[in-house]
file model_35.pdb (PDB, C-alpha atoms)
ATOM      1  CA  ASN A  18     -15.872  -3.202  12.652
ATOM      2  CA  ALA A  19     -12.551  -5.048  12.848
ATOM      3  CA  GLY A  20     -11.705  -5.024   9.112
ATOM      4  CA  VAL A  21      -8.212  -6.504   8.728
ATOM      5  CA  THR A  22      -6.548  -7.722  11.924
ATOM      6  CA  GLN A  23      -2.848  -8.550  12.146
ATOM      7  CA  THR A  24      -0.935 -10.237  14.961
ATOM      8  CA  PRO A  25       1.518  -9.674  16.482
ATOM      9  CA  LYS A  26       1.954  -5.893  16.242
ATOM     10  CA  PHE A  27       5.593  -6.043  17.320
ATOM     11  CA  GLN A  28       8.164  -8.821  17.248
ATOM     12  CA  VAL A  29      11.912  -9.069  17.764
ATOM     13  CA  LEU A  30      13.700 -12.106  16.379
ATOM     14  CA  LYS A  31      17.255 -13.316  16.246
ATOM     15  CA  THR A  32      18.799 -14.249  12.916
ATOM     16  CA  GLY A  33      17.757 -17.759  11.946
ATOM     17  CA  GLN A  34      14.603 -17.886  14.053
ATOM     18  CA  SER A  35      11.237 -18.544  12.471
ATOM     19  CA  MET A  36       7.889 -16.928  13.002
ATOM     20  CA  THR A  37       4.438 -16.557  11.484
ATOM     21  CA  LEU A  38       2.491 -13.354  11.030
ATOM     22  CA  GLN A  39      -1.250 -13.874  11.205
ATOM     23  CA  CYS A  40      -3.892 -11.961   9.290
ATOM     24  CA  ALA A  41      -7.667 -12.219   9.337
ATOM     25  CA  GLN A  42     -10.351 -10.178   7.577
ATOM     26  CA  ASP A  43     -14.065 -10.085   8.310
ATOM     27  CA  MET A  44     -15.243  -8.381   5.089
ATOM     28  CA  ASN A  45     -15.747 -11.586   3.096
ATOM     29  CA  HIS A  46     -13.096 -10.480   0.615
ATOM     30  CA  ASN A  47     -11.756 -12.904  -1.942
ATOM     31  CA  SER A  48      -8.244 -11.472  -2.343
ATOM     32  CA  MET A  49      -5.620 -11.049   0.356
ATOM     33  CA  TYR A  50      -2.115  -9.605   0.226
ATOM     34  CA  TRP A  51       1.082  -9.281   2.226
ATOM     35  CA  TYR A  52       3.215  -6.161   1.730
ATOM     36  CA  ARG A  53       6.375  -4.938   3.365
ATOM     37  CA  GLN A  54       7.089  -1.264   3.905
ATOM     38  CA  ASP A  55      10.613   0.071   4.081
ATOM     39  CA  PRO A  56      11.760   3.710   4.163
ATOM     40  CA  GLY A  57      11.982   5.178   0.671
ATOM     41  CA  MET A  58      10.744   1.943  -0.917
ATOM     42  CA  GLY A  59       7.009   2.326  -0.623
ATOM     43  CA  LEU A  60       4.948  -0.821  -0.248
ATOM     44  CA  ARG A  61       6.240  -3.926  -1.977
ATOM     45  CA  LEU A  62       4.119  -7.006  -2.533
ATOM     46  CA  ILE A  63       5.470 -10.213  -1.019
ATOM     47  CA  TYR A  64       2.705 -12.715  -1.790
ATOM     48  CA  TYR A  65      -0.953 -12.561  -2.622
ATOM     49  CA  SER A  66      -3.954 -14.861  -2.743
ATOM     50  CA  ALA A  67      -6.506 -14.041  -5.410
ATOM     51  CA  SER A  68      -9.004 -16.463  -3.906
ATOM     52  CA  GLU A  69      -9.242 -19.180  -1.302
ATOM     53  CA  GLY A  70      -6.935 -22.037  -2.231
ATOM     54  CA  THR A  71      -4.571 -20.017  -4.423
ATOM     55  CA  THR A  72      -1.362 -18.139  -3.665
ATOM     56  CA  ASP A  73       1.123 -16.379  -5.932
ATOM     57  CA  LYS A  74       4.456 -14.634  -5.604
ATOM     58  CA  GLY A  75       4.702 -10.894  -5.643
ATOM     59  CA  GLU A  76       7.671  -8.624  -6.137
ATOM     60  CA  VAL A  77       9.811  -9.754  -3.169
ATOM     61  CA  PRO A  78       8.884 -13.355  -2.191
ATOM     62  CA  ASN A  79      12.319 -14.719  -1.301
ATOM     63  CA  GLY A  80      12.589 -15.850   2.317
ATOM     64  CA  TYR A  81       8.831 -16.003   2.870
ATOM     65  CA  ASN A  82       6.034 -18.524   2.614
ATOM     66  CA  VAL A  83       2.297 -18.044   2.881
ATOM     67  CA  SER A  84      -0.799 -20.056   3.657
ATOM     68  CA  ARG A  85      -4.361 -19.147   2.777
ATOM     69  CA  LEU A  86      -5.936 -21.090   5.602
ATOM     70  CA  ASN A  87      -9.515 -20.244   4.616
ATOM     71  CA  LYS A  88     -11.314 -17.276   3.113
ATOM     72  CA  ARG A  89     -10.722 -15.162   6.219
ATOM     73  CA  GLU A  90      -7.117 -15.950   7.068
ATOM     74  CA  PHE A  91      -3.792 -15.467   5.282
ATOM     75  CA  SER A  92      -0.547 -16.078   7.148
ATOM     76  CA  LEU A  93       3.033 -15.108   6.317
ATOM     77  CA  ARG A  94       5.908 -17.267   7.549
ATOM     78  CA  LEU A  95       9.576 -16.472   7.854
ATOM     79  CA  GLU A  96      11.398 -19.794   8.039
ATOM     80  CA  SER A  97      14.871 -18.428   8.862
ATOM     81  CA  ALA A  98      14.770 -14.725   9.613
ATOM     82  CA  ALA A  99      17.495 -12.424   8.313
ATOM     83  CA  PRO A 100      18.289  -8.800   9.241
ATOM     84  CA  SER A 101      17.175  -7.776   5.734
ATOM     85  CA  GLN A 102      13.671  -8.826   6.722
ATOM     86  CA  THR A 103      13.473  -6.106   9.356
ATOM     87  CA  SER A 104      10.458  -4.160   8.170
ATOM     88  CA  VAL A 105       6.851  -3.252   8.767
ATOM     89  CA  TYR A 106       4.529  -5.856   7.309
ATOM     90  CA  PHE A 107       1.011  -5.077   6.170
ATOM     91  CA  CYS A 108      -1.764  -7.456   5.362
ATOM     92  CA  ALA A 109      -4.505  -6.216   3.051
ATOM     93  CA  SER A 110      -7.651  -7.486   1.418
ATOM     94  CA  ARG A 111     -10.084  -6.504  -1.295
ATOM     95  CA  ASP A 112     -13.108  -7.901  -3.025
ATOM     96  CA  GLY A 113     -11.879  -9.485  -6.239
ATOM     97  CA  GLY A 114      -9.330  -7.942  -8.584
ATOM     98  CA  ALA A 115     -10.249  -4.296  -8.388
ATOM     99  CA  GLY A 116     -11.358  -1.616  -6.031
ATOM    100  CA  GLU A 117     -10.286  -0.428  -2.646
ATOM    101  CA  LEU A 118      -7.550  -2.235  -0.799
ATOM    102  CA  PHE A 119      -8.117  -2.420   2.974
ATOM    103  CA  PHE A 120      -5.015  -2.599   5.161
ATOM    104  CA  GLY A 121      -4.359  -3.841   8.657
ATOM    105  CA  GLU A 122      -2.425  -1.692  11.103
ATOM    106  CA  GLY A 123       0.868  -3.432  10.459
ATOM    107  CA  SER A 124       3.333  -5.718  12.230
ATOM    108  CA  ARG A 125       6.733  -4.244  13.036
ATOM    109  CA  LEU A 126       9.417  -6.922  12.851
ATOM    110  CA  THR A 127      13.020  -6.477  13.920
ATOM    111  CA  VAL A 128      15.594  -9.160  13.166
ATOM    112  CA  LEU A 129      18.818  -8.863  15.147
TER     113      LEU A 129
ATOM    114  CA  GLN B  37      11.912  -2.123 -11.847
ATOM    115  CA  GLN B  38      10.065   0.802 -10.339
ATOM    116  CA  GLN B  39       6.942   1.179 -12.400
ATOM    117  CA  VAL B  40       5.516   4.116 -10.449
ATOM    118  CA  LYS B  41       7.829   6.996  -9.592
ATOM    119  CA  GLN B  42       6.700   9.446  -6.932
ATOM    120  CA  SER B  43       8.045  12.867  -5.984
ATOM    121  CA  PRO B  44       8.904  14.652  -3.826
ATOM    122  CA  GLN B  45      10.037  12.344  -1.052
ATOM    123  CA  SER B  46       9.086  14.937   1.551
ATOM    124  CA  LEU B  47       7.091  18.138   1.474
ATOM    125  CA  ILE B  48       6.588  20.919   3.989
ATOM    126  CA  VAL B  49       3.682  23.298   3.479
ATOM    127  CA  GLN B  50       2.228  26.114   5.525
ATOM    128  CA  LYS B  51      -1.334  25.826   6.775
ATOM    129  CA  GLY B  52      -3.695  27.015   4.071
ATOM    130  CA  GLY B  53      -1.240  26.322   1.273
ATOM    131  CA  ILE B  54      -1.473  23.893  -1.627
ATOM    132  CA  SER B  55       0.320  20.551  -1.442
ATOM    133  CA  ILE B  56       1.207  18.898  -4.741
ATOM    134  CA  ILE B  57       2.550  15.369  -5.108
ATOM    135  CA  ASN B  58       3.440  13.913  -8.488
ATOM    136  CA  CYS B  59       3.602  10.405  -9.882
ATOM    137  CA  ALA B  60       4.665   8.953 -13.212
ATOM    138  CA  TYR B  61       4.003   5.455 -14.474
ATOM    139  CA  GLU B  62       5.443   3.293 -17.214
ATOM    140  CA  ASN B  63       2.921   0.544 -17.877
ATOM    141  CA  THR B  64       0.293   1.768 -20.332
ATOM    142  CA  ALA B  65      -1.972  -1.119 -19.296
ATOM    143  CA  PHE B  66      -2.591   0.548 -15.920
ATOM    144  CA  ASP B  67      -6.134   1.845 -15.698
ATOM    145  CA  TYR B  68      -6.749   2.500 -12.017
ATOM    146  CA  PHE B  69      -4.823   5.136 -10.080
ATOM    147  CA  PRO B  70      -5.530   5.508  -6.359
ATOM    148  CA  TRP B  71      -3.913   7.601  -3.681
ATOM    149  CA  TYR B  72      -3.487   6.227  -0.186
ATOM    150  CA  GLN B  73      -2.978   8.202   3.008
ATOM    151  CA  GLN B  74      -1.064   6.770   5.958
ATOM    152  CA  PHE B  75      -0.834   8.177   9.469
ATOM    153  CA  PRO B  76       1.986   7.089  11.819
ATOM    154  CA  GLY B  77       1.373   3.657  13.281
ATOM    155  CA  LYS B  78      -1.553   2.950  10.966
ATOM    156  CA  GLY B  79      -2.059   1.134   7.727
ATOM    157  CA  PRO B  80      -2.618   3.053   4.482
ATOM    158  CA  ALA B  81      -6.200   3.992   3.663
ATOM    159  CA  LEU B  82      -7.731   4.910   0.323
ATOM    160  CA  LEU B  83      -8.036   8.674  -0.100
ATOM    161  CA  ILE B  84      -9.177   9.157  -3.689
ATOM    162  CA  ALA B  85      -8.868   7.290  -6.991
ATOM    163  CA  ILE B  86      -9.212   7.990 -10.704
ATOM    164  CA  ARG B  87      -9.586   6.038 -13.926
ATOM    165  CA  PRO B  88      -8.050   7.338 -17.173
ATOM    166  CA  ASP B  89     -11.353   8.197 -18.828
ATOM    167  CA  VAL B  90     -11.361  11.502 -16.928
ATOM    168  CA  SER B  91      -8.624  14.108 -16.511
ATOM    169  CA  GLU B  92      -9.571  15.276 -13.046
ATOM    170  CA  LYS B  93     -11.433  14.089  -9.978
ATOM    171  CA  LYS B  94     -12.193  16.193  -6.941
ATOM    172  CA  GLU B  95     -13.336  15.147  -3.494
ATOM    173  CA  GLY B  96     -13.479  17.996  -1.037
ATOM    174  CA  ARG B  97     -10.024  19.550  -0.738
ATOM    175  CA  PHE B  98      -8.370  16.659  -2.585
ATOM    176  CA  THR B  99      -8.013  16.591  -6.383
ATOM    177  CA  ILE B 100      -6.344  14.104  -8.711
ATOM    178  CA  SER B 101      -5.143  15.455 -12.040
ATOM    179  CA  PHE B 102      -4.435  12.857 -14.721
ATOM    180  CA  ASN B 103      -2.430  13.245 -17.936
ATOM    181  CA  LYS B 104      -2.695  10.066 -19.965
ATOM    182  CA  SER B 105      -0.371  11.138 -22.777
ATOM    183  CA  ALA B 106       2.389  12.054 -20.336
ATOM    184  CA  LYS B 107       1.655   9.023 -18.148
ATOM    185  CA  GLN B 108       1.534  11.240 -15.089
ATOM    186  CA  PHE B 109      -0.923  11.950 -12.316
ATOM    187  CA  SER B 110      -0.821  14.189  -9.313
ATOM    188  CA  LEU B 111      -2.538  14.835  -6.011
ATOM    189  CA  HIS B 112      -3.416  18.386  -5.051
ATOM    190  CA  ILE B 113      -4.436  19.196  -1.484
ATOM    191  CA  MET B 114      -6.041  22.610  -1.296
ATOM    192  CA  ASP B 115      -6.126  24.642   1.925
ATOM    193  CA  SER B 116      -3.737  22.161   3.562
ATOM    194  CA  GLN B 117      -4.310  21.562   7.273
ATOM    195  CA  PRO B 118      -2.029  20.199  10.019
ATOM    196  CA  GLY B 119      -4.331  17.164  10.165
ATOM    197  CA  ASP B 120      -3.299  16.377   6.590
ATOM    198  CA  SER B 121       0.239  15.651   7.810
ATOM    199  CA  ALA B 122       0.792  12.046   6.766
ATOM    200  CA  THR B 123       2.556   9.899   4.210
ATOM    201  CA  TYR B 124       0.883   9.739   0.810
ATOM    202  CA  PHE B 125       1.314   6.926  -1.673
ATOM    203  CA  CYS B 126       0.254   6.898  -5.278
ATOM    204  CA  ALA B 127      -0.437   3.554  -6.896
ATOM    205  CA  ALA B 128      -1.500   1.985 -10.162
ATOM    206  CA  SER B 129      -3.022  -1.265 -11.297
ATOM    207  CA  ARG B 130      -4.659  -2.984 -14.229
ATOM    208  CA  SER B 131      -8.315  -3.923 -14.102
ATOM    209  CA  GLY B 132      -8.998  -7.583 -13.741
ATOM    210  CA  SER B 133      -5.632  -8.244 -12.201
ATOM    211  CA  ALA B 134      -5.860  -9.543  -8.672
ATOM    212  CA  ARG B 135      -2.119  -9.374  -8.502
ATOM    213  CA  GLN B 136      -1.414  -6.046  -7.038
ATOM    214  CA  LEU B 137      -1.351  -2.371  -6.822
ATOM    215  CA  THR B 138       2.101  -1.044  -7.701
ATOM    216  CA  PHE B 139       2.922   1.671  -5.199
ATOM    217  CA  GLY B 140       5.108   4.744  -5.440
ATOM    218  CA  SER B 141       7.799   5.296  -2.829
ATOM    219  CA  GLY B 142       5.706   7.686  -0.734
ATOM    220  CA  THR B 143       5.728  11.384   0.188
ATOM    221  CA  GLN B 144       5.889  12.527   3.775
ATOM    222  CA  LEU B 145       3.781  15.666   4.024
ATOM    223  CA  THR B 146       4.125  18.055   6.949
ATOM    224  CA  VAL B 147       1.688  20.949   7.230
ATOM    225  CA  LEU B 148       2.933  23.618   9.602
ATOM    226  CA  PRO B 149       0.368  25.403  11.791
TER     227      PRO B 149
END

call {"tool": "encode", "arguments": {"input": "model_35.pdb", "output": "structure tokens"}}
result
Amino acid sequence: NAGVTQTPKFQVLKTGQSMTLQCAQDMNHNSMYWYRQDPGMGLRLIYYSASEGTTDKGEVPNGYNVSRLNKREFSLRLESAAPSQTSVYFCASRDGGAGELFFGEGSRLTVL
Amino acid sequence: QQQVKQSPQSLIVQKGGISIINCAYENTAFDYFPWYQQFPGKGPALLIAIRPDVSEKKEGRFTISFNKSAKQFSLHIMDSQPGDSATYFCAASRSGSARQLTFGSGTQLTVLP
């Protein structure tokens, strides 16, 4: 019962480097999400994909890009990392536009 | 714009006590109000949820109270246990919107043994 799997779990980058966070779900969910979690800020939506082939901006999209590779996979890319992007990133999925959101265990990113 | 305001930021309760976390929302179109529980190093997980057609929902020791006119809802944890120590997030969304849940800022609950 894998659910939502994120890789890597930890990453340290230098300012200006790029990287991609990978996410895969095995629940046949239509919708997938990327959130960032910062102390005192709760969970803020970066990008989401309501269905395969579509992506839309969330609350804090600047500095990020996403790809919905297929129904299972949704990746988040940082093209030129900045210290302000130091955070814990969570991928999530759910079946359609309502109901329970299932989260991965998070990817902790530090940008020096 | 913070559409869901959560308080307190942290809460310390003795074992057996009642933990109460409050949230207020602004968007009257919201019609789904879940609470998520997060343990250190883990992702959030759904704890309990309510829709505005009822004023209260109870699941075991966890109860959501909902006040539509005040645009407020709260989580009550009865007989709090050390294992309940976690971060709790309230959230809100509108049915039919795949966009998102809007989350509160979180409450770190510590239950002392």

call {"tool": "resolve_selection", "arguments": {"input": "model_35.pdb", "expression": "the ChimeraX specification (/B :<12) & /A", "output": "JSON, numbers by chain"}}
result
{"A": [20, 21, 22, 23, 26, 27, 46, 47, 48, 49, 50, 51, 52, 53, 54, 55, 56, 57, 58, 59, 60, 61, 62, 63, 64, 65, 66, 67, 68, 71, 72, 73, 74, 75, 76, 77, 105, 106, 107, 108, 109, 110, 111, 112, 113, 114, 115, 116, 117, 118, 119, 120, 121, 122, 123, 124, 125]}

call {"tool": "residues_around", "arguments": {"input": "model_35.pdb", "residues": "A:Gln102", "least_positions_apart": "4", "cutoff": "12 Å", "atoms": "all atoms listed in the file", "output": "PyMOL selection string"}}
result
chain A and resi 28-36+52-55+63+77-81+94-98+106+125-129

call {"tool": "residues_around", "arguments": {"input": "model_35.pdb", "residues": "B:Gln108", "least_positions_apart": "6", "cutoff": "10 Å", "atoms": "only C-alpha atoms", "output": "list in words"}}
result
Val40, Lys41, Gln42, Asn58, Cys59, Ala60, Tyr61, Glu62, Ser101 and Phe102 of chain B

call {"tool": "atom_distance", "arguments": {"input": "model_35.pdb", "atom1": "atom CA of B:Thr64", "atom2": "atom CA of B:Lys94"}}
result
23.3 Å

call {"tool": "resolve_selection", "arguments": {"input": "model_35.pdb", "expression": "the PyMOL selection byres ((chain B and resi 48) around 10)", "output": "PyMOL selection string"}}
result
chain B and resi 46-47+49-51+53+55+121+144-148

call {"tool": "closest_residue", "arguments": {"input": "model_35.pdb", "among": "B:Gly52, B:Ala128, B:Ile113, B:Ala122", "to": "B:Pro88", "atoms": "all atoms listed in the file"}}
result
B:Ala128

call {"tool": "atom_distance", "arguments": {"input": "model_35.pdb", "atom1": "atom CA of B:Trp71", "atom2": "atom CA of A:Met44"}}
result
21.5 Å
